[in-house]
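Colleague: mmCIF, N, CA and C atoms, saved as my_file_1.cif, coming up:
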```
data_protein
#
loop_
_atom_site.label_atom_id
_atom_site.label_comp_id
_atom_site.auth_asym_id
_atom_site.auth_seq_id
_atom_site.Cartn_x
_atom_site.Cartn_y
_atom_site.Cartn_z
N LEU A 1 91.19 104.31 110.46
CA LEU A 1 91.97 103.89 109.31
C LEU A 1 91.49 104.57 108.03
N GLN A 2 90.24 104.96 107.96
CA GLN A 2 89.69 105.51 106.72
C GLN A 2 89.82 107.03 106.69
N HIS A 3 91.03 107.54 106.94
CA HIS A 3 91.25 108.99 106.88
C HIS A 3 91.05 109.49 105.46
N ARG A 4 91.65 108.82 104.51
CA ARG A 4 91.46 109.09 103.09
C ARG A 4 91.63 107.77 102.38
N GLY A 5 91.65 107.75 101.11
CA GLY A 5 91.84 106.50 100.40
C GLY A 5 90.57 105.72 100.23
N GLN A 6 89.54 106.37 99.72
CA GLN A 6 88.26 105.71 99.55
C GLN A 6 88.21 104.79 98.32
N ASP A 7 89.28 104.72 97.55
CA ASP A 7 89.31 103.94 96.32
C ASP A 7 89.55 102.45 96.59
N ALA A 8 90.51 102.13 97.45
CA ALA A 8 90.87 100.73 97.69
C ALA A 8 91.57 100.61 99.04
N ALA A 9 91.63 99.37 99.54
CA ALA A 9 92.31 99.10 100.80
C ALA A 9 92.97 97.74 100.73
N GLY A 10 94.06 97.58 101.48
CA GLY A 10 94.73 96.29 101.49
C GLY A 10 95.62 96.13 102.71
N ILE A 11 95.84 94.89 103.09
CA ILE A 11 96.75 94.54 104.18
C ILE A 11 97.48 93.26 103.77
N VAL A 12 98.77 93.22 104.04
CA VAL A 12 99.55 91.99 103.92
C VAL A 12 100.18 91.72 105.28
N THR A 13 100.15 90.46 105.69
CA THR A 13 100.80 90.05 106.94
C THR A 13 101.78 88.92 106.63
N SER A 14 102.66 88.68 107.59
CA SER A 14 103.66 87.63 107.42
C SER A 14 103.63 86.71 108.62
N GLU A 15 103.65 85.42 108.33
CA GLU A 15 103.70 84.40 109.38
C GLU A 15 104.55 83.23 108.89
N ARG A 16 105.65 82.98 109.59
CA ARG A 16 106.54 81.85 109.27
C ARG A 16 106.96 81.84 107.80
N GLY A 17 107.32 83.00 107.28
CA GLY A 17 107.80 83.08 105.91
C GLY A 17 106.74 83.10 104.84
N ARG A 18 105.48 83.07 105.23
CA ARG A 18 104.38 83.13 104.26
C ARG A 18 103.71 84.49 104.34
N LEU A 19 103.35 85.01 103.18
CA LEU A 19 102.63 86.28 103.11
C LEU A 19 101.15 86.02 102.91
N HIS A 20 100.33 86.74 103.64
CA HIS A 20 98.88 86.64 103.55
C HIS A 20 98.36 88.01 103.13
N LEU A 21 97.71 88.09 101.98
CA LEU A 21 97.33 89.36 101.38
C LEU A 21 95.83 89.42 101.13
N ARG A 22 95.25 90.55 101.51
CA ARG A 22 93.85 90.84 101.19
C ARG A 22 93.79 92.28 100.73
N LYS A 23 93.26 92.51 99.52
CA LYS A 23 93.09 93.86 99.01
C LYS A 23 91.95 93.85 98.00
N ASP A 24 91.31 95.00 97.87
CA ASP A 24 90.22 95.12 96.90
C ASP A 24 89.85 96.59 96.79
N ASN A 25 89.08 96.92 95.78
CA ASN A 25 88.53 98.27 95.67
C ASN A 25 87.45 98.45 96.72
N GLY A 26 87.32 99.67 97.22
CA GLY A 26 86.27 99.98 98.17
C GLY A 26 86.81 100.54 99.47
N LEU A 27 85.88 100.84 100.35
CA LEU A 27 86.21 101.35 101.67
C LEU A 27 86.73 100.22 102.56
N VAL A 28 87.49 100.58 103.57
CA VAL A 28 88.04 99.60 104.51
C VAL A 28 86.93 98.70 105.05
N ARG A 29 85.83 99.29 105.47
CA ARG A 29 84.75 98.49 106.09
C ARG A 29 84.14 97.49 105.11
N ASP A 30 84.28 97.75 103.80
CA ASP A 30 83.74 96.83 102.80
C ASP A 30 84.77 95.78 102.36
N VAL A 31 86.03 96.14 102.38
CA VAL A 31 87.09 95.23 101.93
C VAL A 31 87.40 94.19 103.00
N PHE A 32 87.35 94.59 104.27
CA PHE A 32 87.75 93.70 105.36
C PHE A 32 86.56 93.31 106.23
N ARG A 33 86.06 92.14 106.00
CA ARG A 33 85.06 91.54 106.86
C ARG A 33 85.80 90.64 107.87
N GLN A 34 85.10 90.16 108.87
CA GLN A 34 85.74 89.38 109.92
C GLN A 34 86.49 88.18 109.37
N HIS A 35 85.89 87.46 108.41
CA HIS A 35 86.57 86.27 107.89
C HIS A 35 87.85 86.63 107.13
N HIS A 36 87.90 87.81 106.53
CA HIS A 36 89.13 88.25 105.88
C HIS A 36 90.22 88.51 106.92
N MET A 37 89.85 89.16 107.99
CA MET A 37 90.82 89.50 109.03
C MET A 37 91.40 88.26 109.69
N LEU A 38 90.59 87.22 109.85
CA LEU A 38 91.07 85.98 110.46
C LEU A 38 92.09 85.28 109.58
N GLU A 39 92.05 85.52 108.28
CA GLU A 39 93.00 84.91 107.35
C GLU A 39 94.32 85.68 107.29
N LEU A 40 94.37 86.87 107.82
CA LEU A 40 95.60 87.68 107.83
C LEU A 40 96.42 87.33 109.06
N ARG A 41 97.06 86.18 109.02
CA ARG A 41 97.79 85.66 110.16
C ARG A 41 99.20 86.26 110.24
N GLY A 42 99.74 86.28 111.47
CA GLY A 42 101.09 86.76 111.70
C GLY A 42 101.10 87.95 112.64
N HIS A 43 102.32 88.36 113.01
CA HIS A 43 102.48 89.46 113.96
C HIS A 43 103.07 90.71 113.34
N VAL A 44 103.25 90.71 112.03
CA VAL A 44 103.77 91.89 111.35
C VAL A 44 103.01 92.04 110.03
N GLY A 45 102.79 93.28 109.65
CA GLY A 45 102.06 93.51 108.41
C GLY A 45 102.18 94.94 107.94
N VAL A 46 101.66 95.17 106.75
CA VAL A 46 101.63 96.49 106.14
C VAL A 46 100.23 96.72 105.59
N GLY A 47 99.69 97.90 105.87
CA GLY A 47 98.37 98.24 105.36
C GLY A 47 98.43 99.47 104.49
N HIS A 48 97.40 99.63 103.65
CA HIS A 48 97.38 100.78 102.73
C HIS A 48 95.93 101.10 102.37
N VAL A 49 95.61 102.36 102.30
CA VAL A 49 94.36 102.81 101.69
C VAL A 49 94.74 103.69 100.50
N ARG A 50 94.03 103.54 99.41
CA ARG A 50 94.43 104.18 98.16
C ARG A 50 93.52 105.35 97.82
N TYR A 51 94.19 106.44 97.53
CA TYR A 51 93.57 107.63 96.97
C TYR A 51 94.37 107.92 95.70
N PRO A 52 93.89 107.46 94.53
CA PRO A 52 94.74 107.48 93.35
C PRO A 52 95.08 108.90 92.87
N THR A 53 96.37 109.14 92.71
CA THR A 53 96.85 110.37 92.10
C THR A 53 97.58 110.07 90.80
N ALA A 54 97.84 108.78 90.56
CA ALA A 54 98.47 108.32 89.32
C ALA A 54 97.92 106.93 89.04
N GLY A 55 98.03 106.49 87.80
CA GLY A 55 97.51 105.18 87.45
C GLY A 55 96.01 105.24 87.26
N SER A 56 95.34 104.16 87.61
CA SER A 56 93.89 104.08 87.43
C SER A 56 93.24 103.57 88.71
N SER A 57 91.94 103.33 88.65
CA SER A 57 91.22 102.80 89.80
C SER A 57 91.05 101.28 89.71
N SER A 58 91.92 100.64 88.98
CA SER A 58 91.86 99.19 88.80
C SER A 58 92.18 98.47 90.10
N CYS A 59 91.51 97.35 90.33
CA CYS A 59 91.80 96.52 91.51
C CYS A 59 93.25 96.03 91.47
N ALA A 60 93.83 95.89 90.28
CA ALA A 60 95.22 95.46 90.16
C ALA A 60 96.18 96.47 90.78
N GLU A 61 95.73 97.72 90.93
CA GLU A 61 96.58 98.76 91.50
C GLU A 61 96.33 98.96 92.99
N ALA A 62 95.40 98.20 93.56
CA ALA A 62 95.21 98.25 95.02
C ALA A 62 96.48 97.76 95.68
N GLN A 63 96.80 98.32 96.82
CA GLN A 63 98.05 97.98 97.50
C GLN A 63 97.75 97.33 98.85
N PRO A 64 98.72 96.65 99.42
CA PRO A 64 100.11 96.45 99.04
C PRO A 64 100.22 95.63 97.75
N LEU A 65 101.28 95.89 97.00
CA LEU A 65 101.60 95.15 95.79
C LEU A 65 102.64 94.08 96.13
N TYR A 66 102.62 92.99 95.36
CA TYR A 66 103.46 91.83 95.67
C TYR A 66 104.20 91.35 94.43
N THR A 67 105.44 90.94 94.62
CA THR A 67 106.18 90.18 93.62
C THR A 67 106.86 89.02 94.33
N ASN A 68 106.95 87.90 93.64
CA ASN A 68 107.55 86.73 94.29
C ASN A 68 109.04 86.60 94.02
N TYR A 69 109.60 87.49 93.22
CA TYR A 69 111.03 87.38 92.90
C TYR A 69 111.72 88.68 93.22
N PRO A 70 112.78 88.71 93.99
CA PRO A 70 113.27 87.59 94.79
C PRO A 70 112.57 87.53 96.14
N TYR A 71 112.46 86.39 96.69
CA TYR A 71 112.02 86.15 98.08
C TYR A 71 110.53 86.28 98.33
N GLY A 72 109.83 87.13 97.67
CA GLY A 72 108.48 87.53 98.03
C GLY A 72 108.58 88.88 98.72
N ILE A 73 108.20 89.93 98.02
CA ILE A 73 108.34 91.30 98.52
C ILE A 73 107.01 92.02 98.30
N CYS A 74 106.61 92.81 99.29
CA CYS A 74 105.42 93.65 99.16
C CYS A 74 105.82 95.10 99.38
N VAL A 75 105.05 95.99 98.78
CA VAL A 75 105.29 97.42 98.96
C VAL A 75 103.95 98.14 99.08
N ALA A 76 103.95 99.16 99.92
CA ALA A 76 102.87 100.13 99.97
C ALA A 76 103.53 101.49 99.78
N HIS A 77 103.01 102.29 98.88
CA HIS A 77 103.69 103.51 98.45
C HIS A 77 102.67 104.63 98.30
N ASN A 78 103.01 105.78 98.82
CA ASN A 78 102.22 106.99 98.61
C ASN A 78 103.10 108.01 97.92
N GLY A 79 102.55 108.70 96.96
CA GLY A 79 103.31 109.73 96.26
C GLY A 79 103.25 109.54 94.76
N ASN A 80 104.07 110.31 94.09
CA ASN A 80 104.14 110.26 92.63
C ASN A 80 105.59 110.23 92.19
N LEU A 81 105.92 109.28 91.32
CA LEU A 81 107.21 109.29 90.67
C LEU A 81 107.07 110.08 89.38
N THR A 82 108.00 110.99 89.13
CA THR A 82 107.88 111.87 87.97
C THR A 82 108.74 111.44 86.78
N ASN A 83 109.59 110.46 86.98
CA ASN A 83 110.44 109.99 85.88
C ASN A 83 110.08 108.55 85.48
N THR A 84 108.79 108.27 85.45
CA THR A 84 108.34 106.89 85.19
C THR A 84 108.70 106.40 83.79
N GLU A 85 108.69 107.28 82.81
CA GLU A 85 108.98 106.84 81.44
C GLU A 85 110.39 106.22 81.36
N ALA A 86 111.36 106.89 81.93
CA ALA A 86 112.73 106.35 81.94
C ALA A 86 112.82 105.08 82.78
N LEU A 87 112.11 105.04 83.89
CA LEU A 87 112.15 103.87 84.76
C LEU A 87 111.50 102.65 84.09
N TYR A 88 110.38 102.87 83.37
CA TYR A 88 109.74 101.77 82.63
C TYR A 88 110.69 101.21 81.58
N LYS A 89 111.41 102.09 80.89
CA LYS A 89 112.37 101.63 79.88
C LYS A 89 113.47 100.79 80.53
N ASP A 90 113.95 101.22 81.69
CA ASP A 90 114.98 100.48 82.41
C ASP A 90 114.47 99.09 82.79
N MET A 91 113.24 98.99 83.23
CA MET A 91 112.69 97.69 83.61
C MET A 91 112.53 96.80 82.38
N ALA A 92 112.16 97.36 81.25
CA ALA A 92 112.02 96.57 80.02
C ALA A 92 113.37 95.99 79.60
N VAL A 93 114.43 96.79 79.71
CA VAL A 93 115.77 96.33 79.37
C VAL A 93 116.18 95.17 80.28
N LYS A 94 115.77 95.23 81.55
CA LYS A 94 116.11 94.18 82.52
C LYS A 94 115.11 93.03 82.51
N GLN A 95 114.19 93.08 81.55
CA GLN A 95 113.17 92.05 81.36
C GLN A 95 112.30 91.85 82.59
N ARG A 96 111.97 92.94 83.27
CA ARG A 96 111.01 92.92 84.38
C ARG A 96 109.67 93.33 83.80
N HIS A 97 108.64 92.57 84.08
CA HIS A 97 107.30 92.87 83.56
C HIS A 97 106.54 93.74 84.56
N VAL A 98 106.12 94.91 84.12
CA VAL A 98 105.27 95.79 84.92
C VAL A 98 103.90 95.74 84.27
N ASN A 99 102.91 95.28 85.02
CA ASN A 99 101.60 94.93 84.47
C ASN A 99 100.60 96.08 84.44
N THR A 100 100.84 97.16 85.17
CA THR A 100 99.88 98.25 85.26
C THR A 100 100.58 99.57 84.95
N ASP A 101 99.81 100.65 85.02
CA ASP A 101 100.37 101.99 84.88
C ASP A 101 100.74 102.59 86.24
N SER A 102 100.72 101.80 87.26
CA SER A 102 100.97 102.25 88.62
C SER A 102 102.45 102.51 88.86
N ASP A 103 102.78 103.71 89.31
CA ASP A 103 104.18 103.97 89.67
C ASP A 103 104.58 103.16 90.90
N SER A 104 103.63 102.72 91.68
CA SER A 104 103.93 101.87 92.83
C SER A 104 104.41 100.49 92.39
N GLU A 105 103.79 99.93 91.37
CA GLU A 105 104.25 98.65 90.84
C GLU A 105 105.64 98.80 90.22
N LEU A 106 105.86 99.91 89.58
CA LEU A 106 107.18 100.20 89.02
C LEU A 106 108.23 100.25 90.14
N LEU A 107 107.91 100.94 91.22
CA LEU A 107 108.81 101.03 92.37
C LEU A 107 109.10 99.64 92.95
N LEU A 108 108.10 98.81 93.06
CA LEU A 108 108.28 97.44 93.57
C LEU A 108 109.26 96.67 92.68
N ASN A 109 109.11 96.77 91.37
CA ASN A 109 109.99 96.05 90.46
C ASN A 109 111.41 96.60 90.48
N LEU A 110 111.56 97.91 90.61
CA LEU A 110 112.88 98.50 90.75
C LEU A 110 113.56 97.97 92.01
N PHE A 111 112.82 97.94 93.10
CA PHE A 111 113.35 97.45 94.37
C PHE A 111 113.76 95.99 94.26
N ALA A 112 112.89 95.18 93.68
CA ALA A 112 113.16 93.74 93.57
C ALA A 112 114.41 93.49 92.73
N GLU A 113 114.52 94.18 91.62
CA GLU A 113 115.69 94.01 90.74
C GLU A 113 116.98 94.41 91.45
N SER A 114 116.94 95.54 92.13
CA SER A 114 118.12 96.03 92.84
C SER A 114 118.47 95.11 94.02
N LEU A 115 117.48 94.65 94.77
CA LEU A 115 117.74 93.76 95.90
C LEU A 115 118.39 92.47 95.42
N ASN A 116 117.92 91.94 94.33
CA ASN A 116 118.51 90.72 93.79
C ASN A 116 119.99 90.94 93.45
N LYS A 117 120.29 92.08 92.86
CA LYS A 117 121.67 92.40 92.51
C LYS A 117 122.54 92.55 93.76
N HIS A 118 122.06 93.31 94.75
CA HIS A 118 122.85 93.54 95.96
C HIS A 118 122.99 92.28 96.81
N GLN A 119 121.95 91.47 96.88
CA GLN A 119 122.01 90.25 97.69
C GLN A 119 123.01 89.27 97.10
N SER A 120 123.13 89.23 95.79
CA SER A 120 124.07 88.29 95.19
C SER A 120 125.52 88.71 95.42
N LYS A 121 125.75 89.99 95.78
CA LYS A 121 127.10 90.50 96.02
C LYS A 121 127.54 90.35 97.47
N GLN A 122 126.61 90.18 98.39
CA GLN A 122 126.97 90.13 99.80
C GLN A 122 126.05 89.17 100.54
N GLU A 123 126.49 88.74 101.71
CA GLU A 123 125.71 87.76 102.46
C GLU A 123 124.76 88.40 103.45
N ASN A 124 125.01 89.61 103.85
CA ASN A 124 124.18 90.26 104.86
C ASN A 124 122.94 90.88 104.22
N MET A 125 121.78 90.29 104.51
CA MET A 125 120.53 90.76 103.90
C MET A 125 120.21 92.19 104.31
N LEU A 126 120.47 92.56 105.55
CA LEU A 126 120.19 93.92 106.01
C LEU A 126 120.99 94.94 105.21
N GLU A 127 122.26 94.67 104.99
CA GLU A 127 123.07 95.58 104.18
C GLU A 127 122.55 95.65 102.75
N ALA A 128 122.12 94.52 102.21
CA ALA A 128 121.58 94.49 100.86
C ALA A 128 120.32 95.36 100.76
N VAL A 129 119.47 95.30 101.78
CA VAL A 129 118.24 96.12 101.77
C VAL A 129 118.60 97.61 101.84
N PHE A 130 119.53 97.98 102.71
CA PHE A 130 119.92 99.39 102.81
C PHE A 130 120.58 99.87 101.52
N ASP A 131 121.45 99.06 100.93
CA ASP A 131 122.08 99.43 99.66
C ASP A 131 121.04 99.59 98.56
N THR A 132 120.04 98.70 98.57
CA THR A 132 118.95 98.78 97.60
C THR A 132 118.17 100.08 97.78
N CYS A 133 117.84 100.43 99.01
CA CYS A 133 117.10 101.68 99.26
C CYS A 133 117.89 102.89 98.77
N LYS A 134 119.19 102.91 99.04
CA LYS A 134 120.02 104.03 98.56
C LYS A 134 119.96 104.13 97.04
N GLU A 135 120.11 103.00 96.38
CA GLU A 135 120.10 103.00 94.91
C GLU A 135 118.76 103.46 94.35
N ILE A 136 117.68 102.95 94.91
CA ILE A 136 116.34 103.30 94.42
C ILE A 136 116.05 104.77 94.65
N MET A 137 116.46 105.31 95.78
CA MET A 137 116.20 106.73 96.05
C MET A 137 117.00 107.63 95.11
N GLN A 138 118.12 107.15 94.61
CA GLN A 138 118.88 107.92 93.62
C GLN A 138 118.22 107.85 92.25
N GLN A 139 117.55 106.74 91.95
CA GLN A 139 116.91 106.56 90.64
C GLN A 139 115.57 107.28 90.54
N CYS A 140 114.80 107.25 91.61
CA CYS A 140 113.42 107.74 91.57
C CYS A 140 113.34 109.24 91.84
N LYS A 141 112.64 109.93 90.97
CA LYS A 141 112.40 111.37 91.13
C LYS A 141 110.93 111.57 91.46
N GLY A 142 110.65 112.60 92.23
CA GLY A 142 109.27 112.90 92.60
C GLY A 142 109.12 113.02 94.09
N GLY A 143 107.90 112.95 94.56
CA GLY A 143 107.60 113.00 95.98
C GLY A 143 106.92 111.72 96.38
N TYR A 144 107.47 111.04 97.39
CA TYR A 144 106.91 109.75 97.77
C TYR A 144 107.31 109.42 99.19
N ALA A 145 106.61 108.43 99.77
CA ALA A 145 106.90 107.97 101.13
C ALA A 145 106.75 106.46 101.18
#
```
Since I need it in another form, could you write the structure as structure tokens?

Modeller:
Amino acid sequence: LQHRGQDAAGIVTSERGRLHLRKDNGLVRDVFRQHHMLELRGHVGVGHVRYPTAGSSSCAEAQPLYTNYPYGICVAHNGNLTNTEALYKDMAVKQRHVNTDSDSELLLNLFAESLNKHQSKQENMLEAVFDTCKEIMQQCKGGYA
């Protein structure tokens, strides 16, 4: 797991609609002790190791990142968004609070805002997620995965 990303590590899992998150600065072996792993309950999850290319080395920028609106959403993102200034302005207009300089947190808020809009227009959550992804990929410039 420690191929790169010596700055921070994190995992979020899901069990019965609840998200269980553990993340911190440091190497995987230091962030995840046995008692941490036992608290990451569920059969699905997302993991991330951070090698910062944008933002800072703050623990607040360790991933996965989480927002509780709408639904509770987590994101793990690698890459760089190159049009962050315009995207930050868009989030301010929509009254979304972005707490760090992380383009990953910005991406999470863009996704959450768009998902909320698409979900209110249709009943099928899967279609709302795909429509949200299409919209976000049109808005975001740069290289990312």

Colleague: Would you compute the distance between atom C of Cys140 in chain A and atom C of Lys89 in chain A? Give it in Å to one decimal.

Modeller: 14.1 Å

Colleague: Would you mind writing down, as a VMD selection string, each residue of range 15-137 of chain A that DSSP on the backbone assigns to helix (DSSP H, G or I)?

Modeller: chain A and resid 28 to 31 34 to 39 59 to 61 84 to 93 103 to 121 125 to 137

Colleague: Axis-aligned box over every listed atom of range 123-139 of chain A, padded by 5 Å per side: centre and edges in Å to one decimal, as JSON?

Modeller:
```
{"center_x": 121.0, "center_y": 97.8, "center_z": 98.3, "size_x": 20.9, "size_y": 30.2, "size_z": 25.5}
```

Colleague: Taking into account all atoms listed in the file, which residue in the set A:His35, A:Cys59, A:Thr132, A:Gly143 is nearest to Gly79 in chain A?

Modeller: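 So, comparing all the options, the nearest one is A:Gly143.
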
Colleague: Check the DSSP output for the backbone and give back, as number ranges by chain, the residues of chain A in strand (DSSP E).

Modeller: A: 8-15, 18-25, 44-50, 65-67, 73-75, 79-81, 142-144

Colleague: Here's the selection I'm unsure about, the PyMOL selection byres (((chain A and resi 41 and name CA) around 12) and name CA); applied to the file above, which residues does it give, as a list of chain:residue names?

Modeller: A:Ile11, A:Val12, A:Thr13, A:Ser14, A:Glu15, A:Arg16, A:Gly17, A:Arg18, A:Leu19, A:His20, A:Leu21, A:Arg22, A:His35, A:His36, A:Met37, A:Leu38, A:Glu39, A:Leu40, A:Gly42, A:His43, A:Val44, A:Gly45

Colleague: To verify the selection step, state as a list in words which residues the PyMOL selection byres (((chain A and resi 64 and name CA) around 8) and name CA) yields on this input.

Modeller: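 Residues picked by the PyMOL selection byres (((chain A and resi 64 and name CA) around 8) and name CA): Gly10, Ile11, Val12, Leu21, Lys23, Val46, Gly47, His48, Ala62, Gln63, Leu65, Tyr66, Cys74, Val75, Ala76 and His77 of chain A.
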
Colleague: Pull out every residue that the PyMOL selection byres (((chain A and resi 112 and name CA) around 8) and name CA) matches in the shown coordinates and put them as a list in words.

Modeller: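 When the PyMOL selection byres (((chain A and resi 112 and name CA) around 8) and name CA) is applied, the selected residues are Thr67, Tyr69, Pro70, Ile73, Leu108, Asn109, Leu110, Phe111, Glu113, Ser114, Leu115 and Asn116 of chain A.
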
Colleague: Restricting the calculation to all atoms listed in the file, which member of A:Gln138, A:Gln119, A:Asn124, A:Asn25 is positioned closest to Gln6 in chain A?

Modeller: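 Between A:Gln138, A:Gln119, A:Asn124, A:Asn25, the residue approaching Gln6 in chain A most closely is A:Asn25.
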
Colleague: Ranking A:Phe130, A:Ile136, A:Lys141, A:Gly26 by minimum distance to Thr84 in chain A and counting only N, CA and C atoms, which one comes first?

Modeller: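 Using only N, CA and C atoms, the shortest distance to Thr84 in chain A belongs to A:Lys141.
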
Colleague: For the structure just given, write the atoms of range 104-125 of chain A, namely C-alpha atoms, as a short mmCIF file (atom, residue, chain, number, x, y, z; two decimals), in the first residue's frame.

Modeller:
```
data_model
loop_
_atom_site.label_atom_id
_atom_site.label_comp_id
_atom_site.auth_asym_id
_atom_site.auth_seq_id
_atom_site.Cartn_x
_atom_site.Cartn_y
_atom_site.Cartn_z
CA SER A 104 -9.66 17.68 -3.53
CA GLU A 105 -11.94 19.38 -1.01
CA LEU A 106 -13.05 21.73 -3.76
CA LEU A 107 -13.87 18.73 -5.97
CA LEU A 108 -15.88 17.13 -3.15
CA ASN A 109 -17.95 20.29 -2.70
CA LEU A 110 -18.53 20.63 -6.45
CA PHE A 111 -19.72 17.03 -6.55
CA ALA A 112 -21.98 17.44 -3.53
CA GLU A 113 -23.59 20.60 -4.89
CA SER A 114 -24.18 19.05 -8.31
CA LEU A 115 -25.51 15.77 -6.87
CA ASN A 116 -28.00 17.66 -4.74
CA LYS A 117 -29.23 19.52 -7.84
CA HIS A 118 -29.50 16.38 -10.00
CA GLN A 119 -31.10 14.25 -7.28
CA SER A 120 -33.85 16.81 -6.73
CA LYS A 121 -34.70 16.61 -10.47
CA GLN A 122 -35.01 12.84 -10.72
CA GLU A 123 -35.71 9.82 -8.57
CA ASN A 124 -33.03 7.47 -9.84
CA MET A 125 -29.90 7.97 -7.71
#
```
